[in-house]
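Structure file data_33.cif (mmCIF, C-alpha atoms) is printed below.
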```
data_data
#
loop_
_atom_site.group_PDB
_atom_site.id
_atom_site.type_symbol
_atom_site.label_atom_id
_atom_site.label_comp_id
_atom_site.auth_asym_id
_atom_site.auth_seq_id
_atom_site.Cartn_x
_atom_site.Cartn_y
_atom_site.Cartn_z
ATOM 1 C CA MET C 6 0.000 0.000 0.000
ATOM 2 C CA THR C 7 1.433 3.344 -1.011
ATOM 3 C CA ILE C 8 1.330 6.603 0.901
ATOM 4 C CA LEU C 9 -1.033 7.998 -1.738
ATOM 5 C CA GLN C 10 -3.425 5.086 -1.220
ATOM 6 C CA ASN C 11 -3.254 5.599 2.545
ATOM 7 C CA ALA C 12 -4.152 9.270 2.044
ATOM 8 C CA ILE C 13 -7.114 8.398 -0.165
ATOM 9 C CA ASP C 14 -8.343 5.761 2.299
ATOM 10 C CA SER C 15 -8.031 8.155 5.251
ATOM 11 C CA ILE C 16 -9.996 10.864 3.475
ATOM 12 C CA ALA C 17 -12.661 8.360 2.399
ATOM 13 C CA LEU C 18 -13.017 7.119 5.990
ATOM 14 C CA GLY C 19 -13.259 10.710 7.153
ATOM 15 C CA ILE C 20 -16.118 11.353 4.757
ATOM 16 C CA GLU C 21 -17.910 8.202 5.943
ATOM 17 C CA ASP C 22 -17.438 9.296 9.556
ATOM 18 C CA TYR C 23 -18.824 12.730 8.724
ATOM 19 C CA GLU C 24 -21.972 11.171 7.296
ATOM 20 C CA GLU C 25 -22.398 9.070 10.471
ATOM 21 C CA ALA C 26 -21.739 12.026 12.803
ATOM 22 C CA VAL C 27 -25.466 12.799 12.816
ATOM 23 C CA HIS C 28 -26.064 9.669 14.896
ATOM 24 C CA ASP C 29 -22.864 9.632 16.988
ATOM 25 C CA SER C 30 -20.937 12.742 17.986
ATOM 26 C CA ARG C 31 -17.709 10.732 18.439
ATOM 27 C CA ARG C 32 -17.675 10.256 14.692
ATOM 28 C CA LEU C 33 -17.052 13.982 14.254
ATOM 29 C CA ILE C 34 -13.708 13.655 16.059
ATOM 30 C CA SER C 35 -12.832 10.602 13.975
ATOM 31 C CA CYS C 36 -13.845 12.457 10.816
ATOM 32 C CA THR C 37 -11.578 15.381 11.627
ATOM 33 C CA ARG C 38 -8.650 13.122 12.490
ATOM 34 C CA ASN C 39 -8.963 11.002 9.335
ATOM 35 C CA ILE C 40 -9.357 13.916 6.938
ATOM 36 C CA PHE C 41 -6.460 15.798 8.552
ATOM 37 C CA ALA C 42 -4.249 12.682 8.368
ATOM 38 C CA GLY C 43 -5.174 12.152 4.722
ATOM 39 C CA ILE C 44 -4.323 15.730 3.821
ATOM 40 C CA LEU C 45 -0.988 15.491 5.647
ATOM 41 C CA LEU C 46 -0.142 12.309 3.750
ATOM 42 C CA LEU C 47 -0.705 14.109 0.447
ATOM 43 C CA PHE C 48 2.193 16.449 1.220
#
```
Please express the file's structure as structure tokens.
Amino acid sequence: MTILQNAIDSIALGIEDYEEAVHDSRRLISCTRNIFAGILLLF
């Protein structure tokens, strides 16, 4: 698995967590963490 693929997967998980944040507020923290990690991996 490449760093680029890890970044894409992290961002995708972040988006999924964002969609689930309506039902569980802990998902909002997970969403933020995953999207931030994915963006960092892109650079």
Review point. So which residues touch Ile34 of chain C within 10 Å, counting all atoms listed in the file, skipping near sequence neighbours fewer than 3 positions away, as a ChimeraX atom specification?
Key: /C:19,22-23,26,30-31,37-39
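For the pair atom CA of Ile13 of chain C and atom CA of Ile40 of chain C, the interatomic distance is 9.3 Å.
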Point to revise | Exercise: Leu47 of chain C partners within 9 Å, only C-alpha atoms, chain neighbours under 6 positions left out, as a ChimeraX atom specification | key: /C:8-9,12-13
Review point. If you measure from atom CA of Leu45 of chain C to atom CA of Glu21 of chain C, what distance in Å do you get, rounded to one decimal?
Key: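 Here the two named atoms are 18.4 Å from each other.
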Taking all atoms of segment 39-47 of chain C that the file lists and extending 8 Å past them on each side, where is the centre of the axis-aligned box and how long are its edges? Answer in Å to one decimal, as lines of an AutoDock Vina configuration file.
```
center_x = -4.7
center_y = 13.4
center_z = 4.9
size_x = 25.2
size_y = 20.8
size_z = 24.9
```
Here's a test: counting only C-alpha atoms, identify every protein, DNA and RNA residue with an atom at most 8 Å from (-2.1, 5.2, 6.8) in the file's coordinate frame, and state them as a PDB file with C-alpha atoms, keeping the file's coordinate frame.
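Everything below was put into selection-v5.pdb:
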```pdb
ATOM      1  CA  ILE C   8       1.330   6.603   0.901  1.00  0.00           C
ATOM      2  CA  ASN C  11      -3.254   5.599   2.545  1.00  0.00           C
ATOM      3  CA  ALA C  12      -4.152   9.270   2.044  1.00  0.00           C
ATOM      4  CA  ASP C  14      -8.343   5.761   2.299  1.00  0.00           C
ATOM      5  CA  SER C  15      -8.031   8.155   5.251  1.00  0.00           C
ATOM      6  CA  ALA C  42      -4.249  12.682   8.368  1.00  0.00           C
ATOM      7  CA  GLY C  43      -5.174  12.152   4.722  1.00  0.00           C
ATOM      8  CA  LEU C  46      -0.142  12.309   3.750  1.00  0.00           C
TER       9      LEU C  46
END
```
